[in-house]
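Notes to accompany the following structure.
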Amino acid sequence: MNVRASNDRNSAKRAPHGWRDALVAVLAGTLAMAVTAVLGLWAAGATGLPGGAFPRVAAAVVVMAAGGSVGLAGDAGSLVGARAGLSVLPLSVTLAGALLIAHGFLRPLRHRAVAGGRELAGWAGRVAVLWAVVLVVLSLLARFTFTLPAENLTGDGTEDVLGDSARVGFRADLPLTLLFGLLWLAGVLVLALLVSRRAPLPPRLVRFQETVRPAASAMVALLLGSVALGVVAGLVVMVVRGHPAQTLAVILLGLPNLVWLALTLGLGASWEGKVQGPFGLPTPQVLDSVLRTPDLSTVNLRTLAEQDGRVWWLLVVTALLVLGAAFLMAVRSPARMRPWQHALHLAVALTLTVLLIGLTAGLSARYGLSLLGIGDLGGGLGGEVSLRPRLWTALGIAFLWGLVAGFLGGLAATRVHRHGELPPDGPKGPANAG
C-alpha cells in the first residue's frame with residue numbers, strides 16, 4: 001500500500017498537465033463557442049441590431065449555450081408593462097465548446113493507463129477555475145437594453161399609450177450562470193472520461209470501464225452521427241430550396257435541437273407545445289404547422305405525418321442509427337459478454353441519452369405587453385413558443401428500444417472478432433508455432 005501511494009504521488013508530480021494546458025483547453029472551447037455564435041447570429045441577420053448590440057447578443061448566446069441564465073426585461077411606459085421569458089439551449093454552440101474543452105482536458109492524459117483521483121480532481125479544478133473566469137467575463141458582457149420607437153411596435157396610433165419609446169433588454173444572471181456553467185463543465189469532463197477509450201481512470205473505477213465506456217461511446221456516436229446527418233440534410237435544403245442564410249443560422253445555432261428532437265420522435269416519443277403570435281420555429285415548416293394551434297399540440301410521428309407523409313422515414317433512419325450504435329457498443333465490449341447483457345447496457349444508456357435530450361432540447365419563449373398588468377395589448381405585440389417532451393413515456397420507449405437493439409447488436413457482434421477474444425485455433429506462440 002505504501003509503495004502504491006508513493007507511486008501515485010510521484011505520478012502526480014510528473015503530471016504533464018498544468019495551468020497552461022488548462023488555459024489552452026478553456027480558450028479553445030470559448031473561441032469555438034464564440035465563433036459559432038457570431039457566425040450563426042450573422043447568418044440570422046443580427047448584425048443590424050441597434051446600438052452596437054451584436055457582440056452583447058453573441059455573449060448572451062454563449063452564456064446560454066454553457067448552461068447560464070439570461071433574463072429578459074422590458075419597460076413600455078407608465079401604464080404598460082412588458083413581460084418576457086426565454087429558456088433555450090443553442091446546442092450547436094454548446095456542442096462546439098464541449099468537444100474542444102473535452103479534447104483539451106483529455107489530451108494531457110493520453111498514453112496513461114491509470115491516474116489517481118486527486119490528480120484528476122486537481123486537473124479538472126484548474127480547468128474549472130479558468131472556466132469560471134470566462135463565465136464572469138461573458139456575464140458582464142451579456143447585458144444590453146434596446147430602445148424601440150413605439151410607432152415601430154404598433155403603427156396604429158397607440159404610441160400615446162406606450163409613450164415615446166419602449167425598452168426591451170436582457171441581462172445575464174451572474175450567480176446562476178456560475179452555478180449552472182460549472183455544472184455544465186463538470187458534465188462535459190465526466191462524459192469525456194466515460195467516453196474516451198484511452199483516458200486513465202482512478203484504480204477503483206477501472207473495473208467499470210468494460211461496461212460503461214462502450215455504451216457511453218456508442219451513445220455519443222449516435223448523437224454525433226445524427227448531427228452529421230442533419231448537417232448533410234441542411235446543406236441539401238440550402239441548395240434545393242434556397243434561403244441559405246436562414247438554413248445556415250439554424251445549423252450554427254440550433255441544429256442538434258432539431259435532429260435530437262427528430263431522434264426521439266423516430267423512437268416513438270411525443271412532445272407537446274404551441275406557437276402563438278409572430279414568433280415561429282425557423283425549420284422545418286411541418287413542425288411549426290403542427291404547433292400553431294390555440295391549445296397545446298402533440299408532436300409525434302402521426303401528427304407530423306398528417307402534414308407530410310415523408311416523416312415516417314424518421315422511423316427507418318432512427319432504427320438504423322440505434323442498431324448501428326448497438327453493434328458499435330457490442331464490438332467494443334469484452335467478448336465474454338452475452339447478448340442479454342448488451343441489451344441491458346444499451347437500454348440504460350439509451351434511456352439516459354433520451355433523458356439528456358429531453359432536458360436540453362426543449363424551448364420556451366414568450367413576450368407580451370399588458371395594460372395596467374391586465375391582458376395583452378394588441379394582437380401583434382405578444383407571442384409564445386414552447387416545446388417540451390412527455391418525458392416519462394419517452395424514457396420507457398427508449399428503454400424498450402435499447403433492450404431490443406442491444407440484444408440484436410450483441411448477436412451480430414458474435415460474428416466479429418472482439419476485445420479479449422482468442423482466435424479459434426488458440427494463441428500462437430513458440431510452443432505451437434509450426
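Note on naming: chains are A, B, ... as they come in the C-alpha cells, residues start from 1 per chain, ligands start from 1 in the order shown.
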Region 90-99 of chain A environment, 8 Å, only C-alpha atoms, sequence neighbours closer than 3 positions dropped, as a list of chain:residue names: A:Ala28, A:Gly29, A:Thr30, A:Leu31, A:Ala32, A:Met33, A:Ala34, A:Thr36, A:Ala37, A:Val61, A:Val62, A:Met64, A:Ala65, A:Ala66, A:Ala102, A:His103, A:Val188, A:Ile251, A:Leu252, A:Leu253, A:Gly254, A:Leu255, A:Pro256, A:Asn257, A:Ala361
With N, CA, C and O atoms retained, could you export that selection as an mmCIF file, in the first residue's frame?
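Output (result23.cif):
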```
data_model
loop_
_atom_site.group_PDB
_atom_site.id
_atom_site.type_symbol
_atom_site.label_atom_id
_atom_site.label_comp_id
_atom_site.auth_asym_id
_atom_site.auth_seq_id
_atom_site.Cartn_x
_atom_site.Cartn_y
_atom_site.Cartn_z
ATOM 1 N N ALA A 28 -9.704 27.469 -26.149
ATOM 2 C CA ALA A 28 -10.140 26.817 -27.391
ATOM 3 C C ALA A 28 -11.649 26.599 -27.393
ATOM 4 O O ALA A 28 -12.339 26.860 -28.387
ATOM 5 N N GLY A 29 -12.184 26.108 -26.268
ATOM 6 C CA GLY A 29 -13.613 25.893 -26.184
ATOM 7 C C GLY A 29 -14.404 27.188 -26.264
ATOM 8 O O GLY A 29 -15.435 27.266 -26.956
ATOM 9 N N THR A 30 -13.917 28.223 -25.563
ATOM 10 C CA THR A 30 -14.606 29.513 -25.591
ATOM 11 C C THR A 30 -14.579 30.116 -26.989
ATOM 12 O O THR A 30 -15.593 30.663 -27.473
ATOM 13 N N LEU A 31 -13.436 30.036 -27.652
ATOM 14 C CA LEU A 31 -13.328 30.572 -29.001
ATOM 15 C C LEU A 31 -14.253 29.842 -29.960
ATOM 16 O O LEU A 31 -14.912 30.472 -30.811
ATOM 17 N N ALA A 32 -14.332 28.523 -29.834
ATOM 18 C CA ALA A 32 -15.223 27.754 -30.711
ATOM 19 C C ALA A 32 -16.673 28.166 -30.496
ATOM 20 O O ALA A 32 -17.438 28.325 -31.456
ATOM 21 N N MET A 33 -17.075 28.350 -29.253
ATOM 22 C CA MET A 33 -18.447 28.759 -28.961
ATOM 23 C C MET A 33 -18.713 30.167 -29.493
ATOM 24 O O MET A 33 -19.771 30.435 -30.072
ATOM 25 N N ALA A 34 -17.755 31.072 -29.276
ATOM 26 C CA ALA A 34 -17.943 32.454 -29.719
ATOM 27 C C ALA A 34 -18.035 32.540 -31.243
ATOM 28 O O ALA A 34 -18.907 33.235 -31.787
ATOM 29 N N THR A 36 -18.893 30.166 -33.385
ATOM 30 C CA THR A 36 -20.147 29.548 -33.832
ATOM 31 C C THR A 36 -21.328 30.475 -33.597
ATOM 32 O O THR A 36 -22.204 30.637 -34.458
ATOM 33 N N ALA A 37 -21.364 31.098 -32.420
ATOM 34 C CA ALA A 37 -22.461 32.015 -32.112
ATOM 35 C C ALA A 37 -22.449 33.232 -33.027
ATOM 36 O O ALA A 37 -23.495 33.659 -33.536
ATOM 37 N N VAL A 61 -25.635 34.529 -26.094
ATOM 38 C CA VAL A 61 -25.838 33.208 -26.697
ATOM 39 C C VAL A 61 -24.824 32.213 -26.144
ATOM 40 O O VAL A 61 -25.164 31.067 -25.828
ATOM 41 N N VAL A 62 -23.575 32.636 -25.988
ATOM 42 C CA VAL A 62 -22.557 31.743 -25.420
ATOM 43 C C VAL A 62 -22.889 31.412 -23.968
ATOM 44 O O VAL A 62 -22.721 30.269 -23.523
ATOM 45 N N MET A 64 -25.886 31.263 -22.602
ATOM 46 C CA MET A 64 -26.970 30.283 -22.617
ATOM 47 C C MET A 64 -26.472 28.912 -23.063
ATOM 48 O O MET A 64 -26.908 27.881 -22.529
ATOM 49 N N ALA A 65 -25.558 28.878 -24.029
ATOM 50 C CA ALA A 65 -25.031 27.603 -24.509
ATOM 51 C C ALA A 65 -24.249 26.866 -23.438
ATOM 52 O O ALA A 65 -24.189 25.634 -23.448
ATOM 53 N N ALA A 66 -23.661 27.602 -22.509
ATOM 54 C CA ALA A 66 -22.909 26.995 -21.415
ATOM 55 C C ALA A 66 -23.785 26.686 -20.215
ATOM 56 O O ALA A 66 -23.263 26.358 -19.143
ATOM 57 N N ALA A 102 -13.476 19.144 -23.989
ATOM 58 C CA ALA A 102 -13.232 17.733 -23.663
ATOM 59 C C ALA A 102 -11.922 17.255 -24.276
ATOM 60 O O ALA A 102 -11.137 16.539 -23.620
ATOM 61 N N HIS A 103 -11.662 17.649 -25.521
ATOM 62 C CA HIS A 103 -10.393 17.254 -26.158
ATOM 63 C C HIS A 103 -9.200 17.845 -25.408
ATOM 64 O O HIS A 103 -8.204 17.150 -25.162
ATOM 65 N N VAL A 188 -19.450 17.852 -18.868
ATOM 66 C CA VAL A 188 -18.605 17.651 -20.049
ATOM 67 C C VAL A 188 -17.370 16.830 -19.694
ATOM 68 O O VAL A 188 -17.000 15.888 -20.416
ATOM 69 N N ILE A 251 -28.284 25.785 -38.662
ATOM 70 C CA ILE A 251 -27.188 24.824 -38.495
ATOM 71 C C ILE A 251 -26.224 25.283 -37.411
ATOM 72 O O ILE A 251 -25.785 24.498 -36.565
ATOM 73 N N LEU A 252 -25.892 26.569 -37.404
ATOM 74 C CA LEU A 252 -24.869 27.080 -36.483
ATOM 75 C C LEU A 252 -25.398 27.370 -35.087
ATOM 76 O O LEU A 252 -24.592 27.516 -34.154
ATOM 77 N N LEU A 253 -26.700 27.472 -34.932
ATOM 78 C CA LEU A 253 -27.247 27.800 -33.619
ATOM 79 C C LEU A 253 -28.052 26.655 -32.996
ATOM 80 O O LEU A 253 -27.932 26.416 -31.792
ATOM 81 N N GLY A 254 -28.859 25.961 -33.779
ATOM 82 C CA GLY A 254 -29.763 25.011 -33.152
ATOM 83 C C GLY A 254 -29.957 23.704 -33.871
ATOM 84 O O GLY A 254 -30.990 23.047 -33.678
ATOM 85 N N LEU A 255 -28.994 23.268 -34.673
ATOM 86 C CA LEU A 255 -29.185 22.008 -35.401
ATOM 87 C C LEU A 255 -29.367 20.815 -34.470
ATOM 88 O O LEU A 255 -30.274 19.997 -34.683
ATOM 89 N N PRO A 256 -28.532 20.634 -33.421
ATOM 90 C CA PRO A 256 -28.777 19.489 -32.530
ATOM 91 C C PRO A 256 -30.151 19.528 -31.869
ATOM 92 O O PRO A 256 -30.726 18.473 -31.598
ATOM 93 N N ASN A 257 -30.661 20.722 -31.584
ATOM 94 C CA ASN A 257 -32.013 20.799 -31.019
ATOM 95 C C ASN A 257 -33.016 20.101 -31.924
ATOM 96 O O ASN A 257 -33.922 19.404 -31.447
ATOM 97 N N ALA A 361 -33.107 19.865 -25.152
ATOM 98 C CA ALA A 361 -33.541 20.235 -26.497
ATOM 99 C C ALA A 361 -34.856 20.998 -26.529
ATOM 100 O O ALA A 361 -35.261 21.473 -27.588
#
```
Could the residues of region 308-348 of chain A that have an atom at most 6 Å from region 260-269 of chain A be listed as a Markdown table, each with its closest atom pair and the distance in Å to one decimal, counting only C-alpha atoms and ordered by chain and ascending residue number?
```
| residue | atom | partner | partner_atom | distance |
| --- | --- | --- | --- | --- |
| A:Leu314 | CA | A:Gly266 | CA | 5.0 |
| A:Leu315 | CA | A:Gly266 | CA | 4.4 |
| A:Thr318 | CA | A:Gly266 | CA | 5.4 |
```
Print the selection's residues with N, CA, C and O atoms to a file, as a PDB file, in the first residue's frame.
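And here is the file that came out, selection06.pdb:
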```pdb
ATOM      1  N   LEU A 314     -38.357   8.933 -40.661  1.00  0.00           N
ATOM      2  CA  LEU A 314     -37.627   9.104 -39.397  1.00  0.00           C
ATOM      3  C   LEU A 314     -37.535   7.788 -38.637  1.00  0.00           C
ATOM      4  O   LEU A 314     -36.525   7.516 -37.974  1.00  0.00           O
ATOM      5  N   LEU A 315     -38.584   6.991 -38.717  1.00  0.00           N
ATOM      6  CA  LEU A 315     -38.574   5.698 -38.029  1.00  0.00           C
ATOM      7  C   LEU A 315     -37.471   4.798 -38.573  1.00  0.00           C
ATOM      8  O   LEU A 315     -36.738   4.149 -37.814  1.00  0.00           O
ATOM      9  N   THR A 318     -33.929   6.297 -37.668  1.00  0.00           N
ATOM     10  CA  THR A 318     -33.653   6.112 -36.246  1.00  0.00           C
ATOM     11  C   THR A 318     -33.309   4.665 -35.935  1.00  0.00           C
ATOM     12  O   THR A 318     -32.382   4.382 -35.166  1.00  0.00           O
TER      13      THR A 318
END
```
Selection near Phe144 (chain A), 9 Å with only C-alpha atoms, sequence-local residues under 5 positions removed, as a list in words: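 Everything that qualifies: Ala53, Arg56, Val57, Val168, Gly169, Phe170 and Arg171 of chain A.
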How about saving the chosen residues, N, CA, C and O atoms kept, as a short mmCIF file (atom, residue, chain, number, x, y, z; two decimals), in the first residue's frame?
```
data_model
loop_
_atom_site.label_atom_id
_atom_site.label_comp_id
_atom_site.auth_asym_id
_atom_site.auth_seq_id
_atom_site.Cartn_x
_atom_site.Cartn_y
_atom_site.Cartn_z
N ALA A 53 -25.30 46.36 -30.41
CA ALA A 53 -25.70 45.27 -29.52
C ALA A 53 -25.18 43.91 -29.95
O ALA A 53 -25.24 42.96 -29.16
N ARG A 56 -22.85 41.95 -27.68
CA ARG A 56 -23.53 41.63 -26.42
C ARG A 56 -24.48 40.45 -26.59
O ARG A 56 -24.57 39.57 -25.74
N VAL A 57 -25.18 40.44 -27.72
CA VAL A 57 -26.08 39.32 -28.00
C VAL A 57 -25.28 38.04 -28.19
O VAL A 57 -25.68 36.96 -27.72
N VAL A 168 -36.58 47.20 -24.24
CA VAL A 168 -36.50 45.75 -24.05
C VAL A 168 -35.03 45.39 -23.91
O VAL A 168 -34.20 45.84 -24.71
N GLY A 169 -34.71 44.60 -22.91
CA GLY A 169 -33.31 44.27 -22.70
C GLY A 169 -33.11 42.87 -22.16
O GLY A 169 -34.06 42.15 -21.86
N PHE A 170 -31.87 42.48 -22.04
CA PHE A 170 -31.50 41.18 -21.47
C PHE A 170 -30.31 41.38 -20.55
O PHE A 170 -29.53 42.34 -20.68
N ARG A 171 -30.17 40.48 -19.63
CA ARG A 171 -29.10 40.59 -18.64
C ARG A 171 -28.78 39.20 -18.10
O ARG A 171 -29.68 38.47 -17.67
#
```
Pick from A:Leu182, A:Val227, A:Val220, A:Leu248 nearest to Leu350 (chain A), counting only C-alpha atoms: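 Ranking A:Leu182, A:Val227, A:Val220, A:Leu248 by distance to Leu350 (chain A), first place goes to A:Val220.
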Pick from A:Arg126, A:Arg302, A:Arg107, A:Arg310, whichever lies nearest to Trp19 (chain A) using only C-alpha atoms: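 The shortest atom-to-atom distance to Trp19 (chain A) comes from A:Arg126.
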Polymer residues at most 7 Å from Gly68 (chain A), only C-alpha atoms, same-chain spacing of 6 or more positions, as an MDAnalysis selection string: chainID A and resid 176:177 180:181
Distance of CA of Pro50 (chain A) from CA of Thr145 (chain A), expressed in Å to one decimal place: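 Pair CA of Thr145 (chain A) / CA of Pro50 (chain A) returns 9.9 Å.
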Coordinates-based distance that separates CA of Leu100 (chain A) from CA of Leu387 (chain A) (Å, one decimal): 29.0 Å
Polymer residues at most 9 Å from region 287-294 of chain A, only C-alpha atoms, same-chain spacing of 2 or more positions, as a PDB file with N, CA, C and O atoms, in the first residue's frame:
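Below is the file that was written, around-v3.pdb:
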```
ATOM      1  N   GLU A 272     -44.952  18.063 -26.687  1.00  0.00           N
ATOM      2  CA  GLU A 272     -46.113  18.929 -26.736  1.00  0.00           C
ATOM      3  C   GLU A 272     -45.670  20.381 -26.647  1.00  0.00           C
ATOM      4  O   GLU A 272     -44.649  20.695 -26.033  1.00  0.00           O
ATOM      5  N   GLY A 273     -46.436  21.247 -27.278  1.00  0.00           N
ATOM      6  CA  GLY A 273     -46.084  22.655 -27.267  1.00  0.00           C
ATOM      7  C   GLY A 273     -47.059  23.455 -28.087  1.00  0.00           C
ATOM      8  O   GLY A 273     -48.113  22.962 -28.518  1.00  0.00           O
ATOM      9  N   LYS A 274     -46.712  24.703 -28.331  1.00  0.00           N
ATOM     10  CA  LYS A 274     -47.563  25.580 -29.124  1.00  0.00           C
ATOM     11  C   LYS A 274     -46.751  26.736 -29.676  1.00  0.00           C
ATOM     12  O   LYS A 274     -45.685  27.077 -29.154  1.00  0.00           O
ATOM     13  N   VAL A 275     -47.272  27.323 -30.730  1.00  0.00           N
ATOM     14  CA  VAL A 275     -46.694  28.516 -31.343  1.00  0.00           C
ATOM     15  C   VAL A 275     -47.814  29.523 -31.508  1.00  0.00           C
ATOM     16  O   VAL A 275     -48.821  29.236 -32.162  1.00  0.00           O
ATOM     17  N   GLN A 276     -47.650  30.689 -30.896  1.00  0.00           N
ATOM     18  CA  GLN A 276     -48.652  31.741 -30.993  1.00  0.00           C
ATOM     19  C   GLN A 276     -47.978  33.066 -31.292  1.00  0.00           C
ATOM     20  O   GLN A 276     -46.858  33.318 -30.851  1.00  0.00           O
ATOM     21  N   GLY A 280     -42.131  31.993 -34.299  1.00  0.00           N
ATOM     22  CA  GLY A 280     -42.275  30.734 -35.009  1.00  0.00           C
ATOM     23  C   GLY A 280     -40.984  29.955 -34.966  1.00  0.00           C
ATOM     24  O   GLY A 280     -39.960  30.443 -34.506  1.00  0.00           O
ATOM     25  N   LEU A 281     -41.063  28.731 -35.410  1.00  0.00           N
ATOM     26  CA  LEU A 281     -39.886  27.887 -35.496  1.00  0.00           C
ATOM     27  C   LEU A 281     -39.298  28.023 -36.897  1.00  0.00           C
ATOM     28  O   LEU A 281     -40.033  27.930 -37.884  1.00  0.00           O
ATOM     29  N   PRO A 282     -37.985  28.244 -37.013  1.00  0.00           N
ATOM     30  CA  PRO A 282     -37.402  28.515 -38.320  1.00  0.00           C
ATOM     31  C   PRO A 282     -37.503  27.357 -39.291  1.00  0.00           C
ATOM     32  O   PRO A 282     -37.632  27.558 -40.485  1.00  0.00           O
ATOM     33  N   THR A 283     -37.426  26.149 -38.796  1.00  0.00           N
ATOM     34  CA  THR A 283     -37.488  24.980 -39.668  1.00  0.00           C
ATOM     35  C   THR A 283     -37.681  23.739 -38.811  1.00  0.00           C
ATOM     36  O   THR A 283     -37.257  23.707 -37.649  1.00  0.00           O
ATOM     37  N   PRO A 284     -38.291  22.689 -39.331  1.00  0.00           N
ATOM     38  CA  PRO A 284     -38.997  22.650 -40.612  1.00  0.00           C
ATOM     39  C   PRO A 284     -40.412  23.210 -40.477  1.00  0.00           C
ATOM     40  O   PRO A 284     -40.960  23.296 -39.384  1.00  0.00           O
ATOM     41  N   GLN A 285     -40.987  23.555 -41.585  1.00  0.00           N
ATOM     42  CA  GLN A 285     -42.310  24.175 -41.591  1.00  0.00           C
ATOM     43  C   GLN A 285     -43.379  23.230 -41.050  1.00  0.00           C
ATOM     44  O   GLN A 285     -44.347  23.663 -40.421  1.00  0.00           O
ATOM     45  N   LEU A 296     -52.403  23.478 -26.496  1.00  0.00           N
ATOM     46  CA  LEU A 296     -51.219  22.638 -26.606  1.00  0.00           C
ATOM     47  C   LEU A 296     -51.424  21.575 -27.680  1.00  0.00           C
ATOM     48  O   LEU A 296     -52.474  20.945 -27.753  1.00  0.00           O
ATOM     49  N   SER A 297     -50.411  21.382 -28.493  1.00  0.00           N
ATOM     50  CA  SER A 297     -50.461  20.391 -29.559  1.00  0.00           C
ATOM     51  C   SER A 297     -49.513  19.248 -29.238  1.00  0.00           C
ATOM     52  O   SER A 297     -48.489  19.432 -28.569  1.00  0.00           O
ATOM     53  N   THR A 298     -49.854  18.074 -29.716  1.00  0.00           N
ATOM     54  CA  THR A 298     -48.993  16.908 -29.562  1.00  0.00           C
ATOM     55  C   THR A 298     -48.169  16.728 -30.827  1.00  0.00           C
ATOM     56  O   THR A 298     -48.710  16.730 -31.936  1.00  0.00           O
ATOM     57  N   VAL A 299     -46.870  16.569 -30.638  1.00  0.00           N
ATOM     58  CA  VAL A 299     -45.951  16.367 -31.757  1.00  0.00           C
ATOM     59  C   VAL A 299     -45.418  14.942 -31.688  1.00  0.00           C
ATOM     60  O   VAL A 299     -44.728  14.566 -30.735  1.00  0.00           O
ATOM     61  N   THR A 303     -48.853  12.880 -35.910  1.00  0.00           N
ATOM     62  CA  THR A 303     -49.325  14.236 -36.180  1.00  0.00           C
ATOM     63  C   THR A 303     -48.472  14.928 -37.237  1.00  0.00           C
ATOM     64  O   THR A 303     -48.979  15.717 -38.039  1.00  0.00           O
ATOM     65  N   LEU A 304     -47.181  14.640 -37.258  1.00  0.00           N
ATOM     66  CA  LEU A 304     -46.330  15.221 -38.294  1.00  0.00           C
ATOM     67  C   LEU A 304     -46.638  14.618 -39.662  1.00  0.00           C
ATOM     68  O   LEU A 304     -46.619  15.317 -40.678  1.00  0.00           O
ATOM     69  N   GLU A 306     -49.429  13.680 -40.748  1.00  0.00           N
ATOM     70  CA  GLU A 306     -50.647  14.266 -41.291  1.00  0.00           C
ATOM     71  C   GLU A 306     -50.345  15.495 -42.149  1.00  0.00           C
ATOM     72  O   GLU A 306     -51.121  15.846 -43.036  1.00  0.00           O
ATOM     73  N   GLN A 307     -49.206  16.147 -41.865  1.00  0.00           N
ATOM     74  CA  GLN A 307     -48.776  17.290 -42.658  1.00  0.00           C
ATOM     75  C   GLN A 307     -47.876  16.883 -43.822  1.00  0.00           C
ATOM     76  O   GLN A 307     -47.913  17.478 -44.893  1.00  0.00           O
ATOM     77  N   VAL A 385     -43.722  30.590 -27.826  1.00  0.00           N
ATOM     78  CA  VAL A 385     -43.282  29.344 -28.435  1.00  0.00           C
ATOM     79  C   VAL A 385     -42.840  28.419 -27.307  1.00  0.00           C
ATOM     80  O   VAL A 385     -42.069  28.832 -26.428  1.00  0.00           O
ATOM     81  N   SER A 386     -43.334  27.205 -27.314  1.00  0.00           N
ATOM     82  CA  SER A 386     -42.916  26.238 -26.300  1.00  0.00           C
ATOM     83  C   SER A 386     -42.884  24.848 -26.901  1.00  0.00           C
ATOM     84  O   SER A 386     -43.667  24.527 -27.800  1.00  0.00           O
ATOM     85  N   LEU A 387     -41.986  24.045 -26.414  1.00  0.00           N
ATOM     86  CA  LEU A 387     -41.852  22.664 -26.875  1.00  0.00           C
ATOM     87  C   LEU A 387     -41.191  21.861 -25.763  1.00  0.00           C
ATOM     88  O   LEU A 387     -40.051  22.142 -25.389  1.00  0.00           O
TER      89      LEU A 387
END
```
Members of region 77-317 of chain A assigned strand (DSSP E) by DSSP, as a ChimeraX atom specification: /A:80-88,143-149,165-172,271-276,297-299
Between CA of Leu193 (chain A) and CA of Phe105 (chain A), distance in Å (one decimal): 9.2 Å
Shell of 6 Å around His342 (chain A), only C-alpha atoms, local chain residues under 3 positions omitted, as a PyMOL selection string: chain A and resi 339+345+406-407+410
Minimum-distance residue to Ala216 (chain A), chosen among A:Val316, A:Ala394, A:Leu411, A:Ala325 (using only C-alpha atoms):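 Among the listed residues, A:Ala325 lies closest to Ala216 (chain A).
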Counting only C-alpha atoms, the residue of A:Pro202, A:Ala349, A:Leu138, A:Val35 that sits nearest Ser69 (chain A):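 Smallest distance to Ser69 (chain A) is found for A:Leu138.
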In region 253-417 of chain A, DSSP alpha helix (DSSP H) residues written as a ChimeraX atom specification: /A:253-267,285-291,301-305,313-331,339-360,391-413
Best match for closeness to Thr247 (chain A) among A:Gly230, A:Val311, A:Leu363, A:Leu395, counting only C-alpha atoms: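 Smallest separation from Thr247 (chain A) among the options: A:Gly230.
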Near-Ala43 (chain A) list (8 Å; only C-alpha atoms; drop same-chain fewer than 5 positions) as a list in words: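 In the requested form, the answer reads Ala245, Gln246, Leu248 and Ala249 of chain A.
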